[in-house]
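Shown next: target-v6.csv, given as CSV, C-alpha atoms and all ligand atoms.
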```csv
chain,number,residue,atom,x,y,z
A,1,MET,CA,-9.4,-20.9,11.6
A,2,SER,CA,-10.6,-20.4,8.1
A,3,SER,CA,-8.0,-21.2,5.4
A,4,ASP,CA,-8.8,-18.0,3.7
A,5,PRO,CA,-8.6,-15.0,6.1
A,6,TYR,CA,-10.2,-12.7,3.5
A,7,ASP,CA,-13.2,-15.0,2.8
A,8,ASP,CA,-15.7,-12.6,4.4
A,9,ARG,CA,-14.3,-9.5,2.8
A,10,GLY,CA,-14.7,-7.4,-0.2
A,11,ASN,CA,-16.8,-7.9,-3.3
A,12,LYS,CA,-18.0,-11.4,-3.7
A,13,ASP,CA,-18.3,-11.2,-7.5
A,14,ALA,CA,-15.7,-13.7,-8.5
A,15,SER,CA,-15.8,-12.7,-12.1
A,16,ILE,CA,-14.4,-9.3,-11.1
A,17,THR,CA,-12.1,-10.6,-8.4
A,18,ASN,CA,-10.6,-13.5,-10.2
A,19,PRO,CA,-11.4,-13.4,-13.9
A,20,LYS,CA,-9.5,-16.5,-14.8
A,21,GLY,CA,-9.5,-18.4,-11.6
A,22,MET,CA,-5.7,-17.9,-11.5
A,23,GLY,CA,-5.6,-16.0,-8.2
A,24,SER,CA,-3.0,-18.5,-6.9
A,25,GLN,CA,-0.6,-17.5,-9.7
A,26,ILE,CA,-0.3,-13.8,-9.0
A,27,PRO,CA,3.1,-12.6,-7.7
A,28,LYS,CA,4.5,-14.4,-4.7
A,29,SER,CA,7.0,-12.7,-2.5
A,30,SER,CA,10.4,-14.2,-3.1
A,31,GLY,CA,12.0,-16.2,-0.4
A,32,THR,CA,10.7,-17.1,3.1
A,33,SER,CA,10.7,-14.5,5.7
A,34,PHE,CA,10.4,-14.9,9.4
A,35,SER,CA,9.0,-12.1,11.5
A,36,ALA,CA,10.8,-11.2,14.7
A,37,PRO,CA,8.9,-12.8,17.6
A,38,GLY,CA,6.2,-10.4,18.7
A,39,GLY,CA,7.1,-7.7,16.2
A,40,PRO,CA,5.0,-6.6,13.1
A,41,PHE,CA,6.5,-7.4,9.7
A,42,LEU,CA,6.9,-3.7,8.9
A,43,ILE,CA,6.7,-0.9,11.4
A,44,GLY,CA,7.4,2.8,11.5
A,45,ASP,CA,7.7,3.0,15.3
A,46,THR,CA,7.1,6.3,17.1
A,47,MET,CA,8.3,8.4,14.2
A,48,THR,CA,8.9,12.1,14.6
A,49,GLY,CA,10.1,14.2,11.7
A,50,GLY,CA,9.4,16.7,8.9
A,51,TYR,CA,10.6,17.9,5.6
A,52,GLY,CA,14.1,19.3,5.3
A,53,LYS,CA,14.8,21.7,8.1
A,54,GLY,CA,11.0,22.4,8.5
A,55,PRO,CA,8.9,21.7,11.6
A,56,ASP,CA,7.9,18.3,12.7
A,57,ILE,CA,5.0,16.9,10.8
A,58,LEU,CA,4.9,13.5,12.5
A,59,HIS,CA,4.7,13.3,16.3
A,60,ASP,CA,5.5,9.9,17.7
A,61,CYS,CA,3.6,8.4,14.9
A,62,THR,CA,3.4,4.6,14.6
A,63,ILE,CA,2.1,2.6,11.7
A,64,ALA,CA,2.6,-1.1,11.1
A,65,VAL,CA,1.5,-4.2,9.3
A,66,GLU,CA,1.7,-7.8,10.3
A,67,GLN,CA,2.5,-10.7,8.0
A,68,GLY,CA,-0.6,-11.8,6.1
A,69,GLU,CA,-2.6,-8.7,6.9
A,70,ILE,CA,-4.0,-5.5,5.4
A,71,ALA,CA,-3.4,-2.3,7.5
A,72,VAL,CA,-5.2,0.9,6.6
A,73,ILE,CA,-4.3,4.5,7.5
A,74,VAL,CA,-7.1,7.0,7.4
A,75,GLY,CA,-7.5,10.6,8.6
A,76,PRO,CA,-8.3,14.1,7.4
A,77,ASN,CA,-6.5,15.9,4.6
A,78,GLY,CA,-3.1,17.1,5.7
A,79,ALA,CA,-3.0,14.7,8.7
A,80,GLY,CA,0.4,13.4,7.6
A,81,LYS,CA,-0.7,10.1,6.2
A,82,SER,CA,1.5,10.5,3.1
A,83,THR,CA,4.3,11.9,5.2
A,84,ALA,CA,4.2,8.8,7.4
A,85,MET,CA,4.3,6.5,4.4
A,86,LYS,CA,7.3,8.4,3.0
A,87,ALA,CA,9.0,8.2,6.3
A,88,VAL,CA,8.6,4.4,6.3
A,89,PHE,CA,10.0,4.3,2.8
A,90,GLY,CA,13.0,6.4,3.7
A,91,MET,CA,12.0,9.5,1.7
A,92,LEU,CA,12.0,11.6,4.9
A,93,ASP,CA,14.5,11.7,7.8
A,94,VAL,CA,13.0,10.7,11.0
A,95,ARG,CA,14.4,12.7,13.9
A,96,SER,CA,13.4,10.1,16.4
A,97,GLY,CA,11.8,6.7,16.2
A,98,SER,CA,12.7,3.8,13.9
A,99,VAL,CA,11.6,1.7,10.9
A,100,ARG,CA,12.0,-2.0,11.1
A,101,LEU,CA,11.4,-4.6,8.4
A,102,ASP,CA,11.1,-8.3,9.4
A,103,GLY,CA,12.9,-7.5,12.7
A,104,GLU,CA,15.7,-5.5,11.0
A,105,ASP,CA,16.3,-1.9,11.7
A,106,ILE,CA,16.3,-0.1,8.3
A,107,THR,CA,15.9,3.4,9.6
A,108,ASN,CA,19.1,4.6,7.9
A,109,LEU,CA,18.6,2.8,4.6
A,110,SER,CA,17.9,4.7,1.3
A,111,PRO,CA,14.6,4.1,-0.5
A,112,GLN,CA,16.5,2.1,-3.1
A,113,ASP,CA,18.0,-0.2,-0.4
A,114,ARG,CA,14.6,-0.6,1.1
A,115,VAL,CA,13.3,-1.8,-2.3
A,116,ALA,CA,16.2,-4.3,-2.4
A,117,LYS,CA,15.1,-5.5,1.0
A,118,GLY,CA,11.6,-6.2,-0.3
A,119,MET,CA,9.6,-3.1,0.1
A,120,GLY,CA,7.2,-2.0,-2.7
A,121,PHE,CA,5.8,1.5,-2.6
A,122,VAL,CA,3.1,3.2,-4.7
A,123,PRO,CA,3.2,6.9,-3.9
A,124,GLN,CA,0.1,9.1,-4.0
A,125,THR,CA,1.2,11.2,-7.0
A,126,SER,CA,3.4,10.7,-10.0
A,127,ASN,CA,3.3,6.9,-9.6
A,128,ILE,CA,3.6,6.0,-13.3
A,129,PHE,CA,5.5,7.2,-16.3
A,130,THR,CA,2.7,8.6,-18.5
A,131,SER,CA,4.6,8.8,-21.7
A,132,MET,CA,5.8,5.2,-21.5
A,133,THR,CA,3.7,2.3,-22.5
A,134,VAL,CA,2.1,0.1,-19.9
A,135,GLU,CA,4.7,-2.6,-20.6
A,136,GLU,CA,7.6,-0.2,-20.3
A,137,ASN,CA,6.2,0.9,-16.9
A,138,LEU,CA,6.2,-2.7,-15.7
A,139,GLU,CA,9.8,-3.1,-17.0
A,140,MET,CA,10.9,0.0,-15.2
A,141,GLY,CA,9.4,-1.6,-12.0
A,142,ALA,CA,11.7,-4.5,-12.4
A,143,PHE,CA,14.8,-2.2,-12.5
A,144,ILE,CA,16.5,-3.9,-9.6
A,145,ARG,CA,16.1,-7.4,-11.0
A,146,ARG,CA,18.9,-9.2,-12.8
A,147,ASP,CA,16.9,-12.3,-13.5
A,148,ASP,CA,14.2,-13.1,-16.0
A,149,PHE,CA,11.1,-11.2,-14.9
A,150,SER,CA,8.7,-12.4,-17.7
A,151,ASP,CA,6.9,-14.7,-15.3
A,152,THR,CA,6.2,-11.8,-12.9
A,153,MET,CA,4.9,-9.7,-15.8
A,154,ALA,CA,2.6,-12.6,-16.8
A,155,GLN,CA,1.4,-12.7,-13.2
A,156,VAL,CA,0.7,-9.0,-13.2
A,157,TYR,CA,-1.3,-9.4,-16.4
A,158,ASP,CA,-3.3,-12.2,-14.9
A,159,LEU,CA,-4.1,-9.9,-11.9
A,160,PHE,CA,-4.9,-7.0,-14.2
A,161,PRO,CA,-6.1,-8.4,-17.6
A,162,ILE,CA,-6.9,-4.9,-18.9
A,163,LEU,CA,-3.2,-4.0,-18.7
A,164,LYS,CA,-2.3,-6.9,-21.0
A,165,GLU,CA,-4.8,-5.6,-23.5
A,166,LYS,CA,-3.4,-2.1,-23.3
A,167,ARG,CA,0.3,-3.1,-22.9
A,168,LYS,CA,1.4,-1.1,-26.0
A,169,GLN,CA,-0.5,2.0,-25.1
A,170,ALA,CA,1.0,5.0,-23.3
A,171,ALA,CA,0.1,4.7,-19.7
A,172,GLY,CA,-1.1,8.4,-19.7
A,173,GLU,CA,-3.9,7.5,-22.1
A,174,LEU,CA,-5.5,5.1,-19.5
A,175,SER,CA,-8.4,5.8,-17.2
A,176,GLY,CA,-7.7,6.7,-13.6
A,177,GLY,CA,-8.4,3.2,-12.3
A,178,GLN,CA,-6.3,1.6,-15.0
A,179,ARG,CA,-3.4,3.9,-14.2
A,180,GLN,CA,-3.6,2.8,-10.6
A,181,GLN,CA,-3.4,-0.8,-11.8
A,182,VAL,CA,-0.2,0.1,-13.7
A,183,ALA,CA,1.2,1.7,-10.5
A,184,VAL,CA,0.4,-1.4,-8.4
A,185,GLY,CA,1.6,-3.7,-11.1
A,186,ARG,CA,4.9,-1.8,-11.4
A,187,ALA,CA,5.5,-2.2,-7.6
A,188,LEU,CA,4.7,-5.9,-7.9
A,189,MET,CA,7.5,-6.4,-10.5
A,190,THR,CA,10.2,-6.5,-7.8
A,191,GLN,CA,8.3,-9.3,-6.0
A,192,PRO,CA,8.0,-7.3,-2.8
A,193,LYS,CA,7.7,-8.9,0.6
A,194,VAL,CA,5.4,-6.0,1.6
A,195,LEU,CA,3.4,-3.5,-0.4
A,196,MET,CA,2.7,0.1,0.6
A,197,LEU,CA,-0.1,2.0,-1.2
A,198,ASP,CA,-0.9,5.6,-0.8
A,199,GLU,CA,-4.5,6.3,-1.8
A,200,PRO,CA,-4.7,3.6,-4.5
A,201,THR,CA,-8.4,4.5,-5.2
A,202,ALA,CA,-8.0,8.3,-5.4
A,203,GLY,CA,-10.3,9.8,-8.0
A,204,VAL,CA,-12.0,6.7,-9.2
A,205,SER,CA,-15.7,5.8,-9.3
A,206,PRO,CA,-17.2,3.6,-6.5
A,207,ILE,CA,-17.4,0.6,-8.8
A,208,VAL,CA,-13.7,0.9,-9.8
A,209,MET,CA,-12.8,1.4,-6.2
A,210,ASP,CA,-14.5,-1.9,-5.3
A,211,GLU,CA,-12.6,-3.6,-8.1
A,212,LEU,CA,-9.3,-2.2,-7.0
A,213,PHE,CA,-10.0,-3.2,-3.4
A,214,ASP,CA,-10.7,-6.8,-4.7
A,215,ARG,CA,-7.4,-6.9,-6.5
A,216,ILE,CA,-5.6,-5.6,-3.4
A,217,ILE,CA,-7.2,-8.3,-1.3
A,218,GLU,CA,-6.0,-10.8,-3.9
A,219,VAL,CA,-2.5,-9.6,-3.6
A,220,ALA,CA,-2.8,-9.9,0.2
A,221,ARG,CA,-4.0,-13.4,-0.2
A,222,THR,CA,-0.8,-14.4,-2.0
A,223,GLY,CA,1.1,-13.5,1.2
A,224,ILE,CA,2.1,-9.9,0.6
A,225,PRO,CA,1.1,-7.8,3.6
A,226,ILE,CA,-0.3,-4.4,2.6
A,227,LEU,CA,0.0,-1.0,4.3
A,228,MET,CA,-2.3,1.4,2.7
A,229,VAL,CA,-3.6,5.0,3.0
A,230,GLU,CA,-7.2,5.5,2.0
A,231,GLN,CA,-9.5,8.4,1.8
A,232,ASN,CA,-12.5,6.0,1.4
A,233,ALA,CA,-12.3,5.4,5.1
A,234,ARG,CA,-15.3,3.3,5.7
A,235,GLN,CA,-14.8,0.9,2.7
A,236,ALA,CA,-11.1,0.6,3.5
A,237,LEU,CA,-11.7,-0.3,7.1
A,238,GLU,CA,-14.1,-2.9,6.0
A,239,ILE,CA,-11.2,-4.8,4.4
A,240,ALA,CA,-8.6,-3.9,7.0
A,241,ASP,CA,-7.2,-6.2,9.6
A,242,LYS,CA,-5.8,-3.2,11.4
A,243,GLY,CA,-6.6,0.5,11.1
A,244,TYR,CA,-5.0,3.7,12.2
A,245,VAL,CA,-6.6,7.1,12.4
A,246,LEU,CA,-4.0,9.9,12.1
A,247,VAL,CA,-4.7,13.4,13.2
A,248,GLN,CA,-2.1,16.2,13.0
A,249,GLY,CA,0.8,13.8,12.6
A,250,ALA,CA,-0.1,11.7,15.6
A,251,ASN,CA,-2.1,8.4,16.2
A,252,ALA,CA,-5.6,9.3,17.3
A,253,TYR,CA,-7.2,5.9,17.2
A,254,SER,CA,-6.1,2.4,16.3
A,255,GLY,CA,-7.6,-1.0,16.4
A,256,THR,CA,-9.0,-3.7,14.1
A,257,GLY,CA,-11.0,-2.5,11.1
A,258,LYS,CA,-14.1,-3.8,12.8
A,259,GLU,CA,-13.3,-2.0,16.1
A,260,LEU,CA,-12.8,1.3,14.4
A,261,LEU,CA,-16.0,1.0,12.3
A,262,ALA,CA,-17.9,0.4,15.6
A,263,ASP,CA,-16.3,3.1,17.6
A,264,PRO,CA,-18.8,6.0,18.1
A,265,GLU,CA,-16.0,8.7,18.2
A,266,VAL,CA,-14.4,7.4,15.1
A,267,ARG,CA,-17.7,7.2,13.3
A,268,LYS,CA,-18.8,10.7,14.3
A,269,SER,CA,-15.5,12.4,13.5
A,270,PHE,CA,-14.1,10.4,10.5
A,271,LEU,CA,-16.8,8.3,9.0
A,272,GLY,CA,-19.6,10.7,8.6
A,273,GLY,CA,-21.6,9.4,11.6
A,301,LIG,N1,7.1,18.0,0.3
A,301,LIG,C1,6.7,18.7,1.4
A,301,LIG,N2,7.4,19.7,1.9
A,301,LIG,C2,6.9,20.4,3.0
A,301,LIG,N3,5.8,20.1,3.7
A,301,LIG,C3,5.0,19.2,3.2
A,301,LIG,C4,5.4,18.4,2.0
A,301,LIG,N4,4.5,17.5,1.8
A,301,LIG,C5,3.5,17.6,2.7
A,301,LIG,N5,3.8,18.6,3.6
A,301,LIG,C6,3.0,19.1,4.7
A,301,LIG,O1,2.9,18.0,5.6
A,301,LIG,C7,1.6,18.0,6.2
A,301,LIG,C8,1.0,16.6,6.0
A,301,LIG,O2,0.8,16.4,4.6
A,301,LIG,P1,0.5,15.0,4.0
A,301,LIG,O3,1.4,14.0,4.7
A,301,LIG,O4,0.6,15.1,2.6
A,301,LIG,O5,-1.0,14.7,4.6
A,301,LIG,P2,-2.1,13.7,4.1
A,301,LIG,O6,-1.4,12.7,3.2
A,301,LIG,O7,-2.6,13.1,5.4
A,301,LIG,O8,-3.1,14.5,3.4
A,301,LIG,C9,0.8,19.1,5.5
A,301,LIG,O9,0.8,20.2,6.4
A,301,LIG,C10,1.6,19.4,4.3
A,301,LIG,O10,1.5,20.8,3.9
A,302,MG,MG,-1.7,12.1,1.3
```

Represent the supplied structure as structure tokens.
Amino acid sequence: MSSDPYDDRGNKDASITNPKGMGSQIPKSSGTSFSAPGGPFLIGDTMTGGYGKGPDILHDCTIAVEQGEIAVIVGPNGAGKSTAMKAVFGMLDVRSGSVRLDGEDITNLSPQDRVAKGMGFVPQTSNIFTSMTVEENLEMGAFIRRDDFSDTMAQVYDLFPILKEKRKQAAGELSGGQRQQVAVGRALMTQPKVLMLDEPTAGVSPIVMDELFDRIIEVARTGIPILMVEQNARQALEIADKGYVLVQGANAYSGTGKELLADPEVRKSFLGG
């Protein structure tokens, strides 16, 4: 087995991926975790539910990520991808099904308690405080920590050097790709054991998308599994260990990224042929 599971993935330009050769110093998850035998590290298992008293949006929907992997969720607009992520993070009551983290049933925990358990979540919208500086955003990210988080901030700046340069600027003045870096950096400030990203490359150019994917791969390399929704389905599946295609709140296809990219039905319906 290769020592680097992501060796064959993503952009090979090391100057973009790893500008200072300090990839090994970006945030590590705190503590050691042991997955339950046979179970994924994080799973939303056969989740059914919707908003408030409204109709079910999710129908026996399952999304999961294994330790050391990147899992990607794709599917048409309105398929329920964001809803599934919110359900896993505890922002939506599941009427049936469960959410488990590292073997523990967390279905009834609040989002705050899930953060304390080691979940980091970057939602699709409103994921930064635009009127605060970049640095203040990162400080807000560390809100649950009582210890000195300056090392983690330095690690986030190593991962996203542009954020160090712009640390005193209002986050709202940054470009779309830079704002997404702020959002991911903010989530890393809690030293999460698993990171959930909802459309981290929304609205950015293809070049910036490649760069963001490279940084995401770097985070995964440090041992933080990543569960991510992406509208750039083909590119995302290329870096995915596992992929899920959701349609109308239900699992339509799942498999390894490679399997989904090779599946004629998936290609025809979701990848533009
Ligand atoms: N806050 C909300 N309240 C009620 N319905 C919502 C809310 N957010 C999304 N929905 C509905 O849930 C369905 C799935 O939406 P969403 O999860 O955002 O899809 P996707 O992320 O795949 O584009 C849509 O029909 C949408 O209108
Ligand atoms: Mg969405």

Open item on the list: What does the list of residues within 7 Å of ligand MG 302 (chain A) look like if you count all atoms listed in the file, written as JSON, numbers by chain?
Closed with: {"A": [77, 78, 80, 81, 82, 124, 198]}

TODO: Give as a ChimeraX atom specification the residues surrounding ligand LIG 301 (chain A) up to a distance of 10 Å, considering all atoms listed in the file.
DONE: /A:50-58,73-87,91-92,124,198-199,229-231,246-249

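We find CA of Ile144 in chain A and CA of Asn127 in chain A to be spaced 17.1 Å apart.
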
- [ ] Please measure the separation of CA of Lys242 in chain A and CA of Phe41 in chain A, giving the value in Å to one decimal.
- [x] 13.1 Å

TODO: Do a neighbour search on Val65 in chain A at 12 Å with only C-alpha atoms, toss out local chain neighbours closer than 5 positions, and write the hits as a PyMOL selection string.
DONE: chain A and resi 35+39-45+70-73+88+99-102+193-196+220+224-228+240-244+255-256

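Atom pair CA of Gln67 in chain A / CA of Phe149 in chain A has a distance of 24.5 Å (rounded to one decimal).
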
Task: Exercise: Gln191 in chain A partners within 12 Å, all atoms listed in the file, chain neighbours under 2 positions left out, as a count of residues only - done: 39

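Proximity to Gly90 in chain A was assessed for A:Glu139, A:Glu69, A:Asp113, A:Glu104 counting only C-alpha atoms; the smallest distance is recorded for A:Asp113.
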
Task: Distance criterion (all atoms listed in the file): nearest to Glu135 in chain A out of A:Glu165, A:Glu218, A:Glu259, A:Asp158 - done: A:Glu165

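Ranking A:Leu109, A:Val94, A:Leu212, A:Val134 by their shortest atom-to-atom distance to Gly172 in chain A, with only C-alpha atoms included, puts A:Val134 first.
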
Open item on the list: Taking 6 positions as the minimum chain separation for residues in the same chain, which residues sit within 12 Å of Gly273 in chain A when counting all atoms listed in the file? Answer as a list in words.
Closed with: Arg234, Leu261, Ala262, Asp263, Pro264, Glu265, Val266 and Arg267 of chain A

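Using only C-alpha atoms, the smallest distance between any of A:Lys258, A:Arg95, A:Lys164, A:Arg114 and Gln181 in chain A comes from A:Lys164.
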
Task: Minimum-distance residue to Pro192 in chain A, chosen among A:Gly97, A:Ala154, A:Val122, A:Ile239 (using all atoms listed in the file) - done: A:Val122
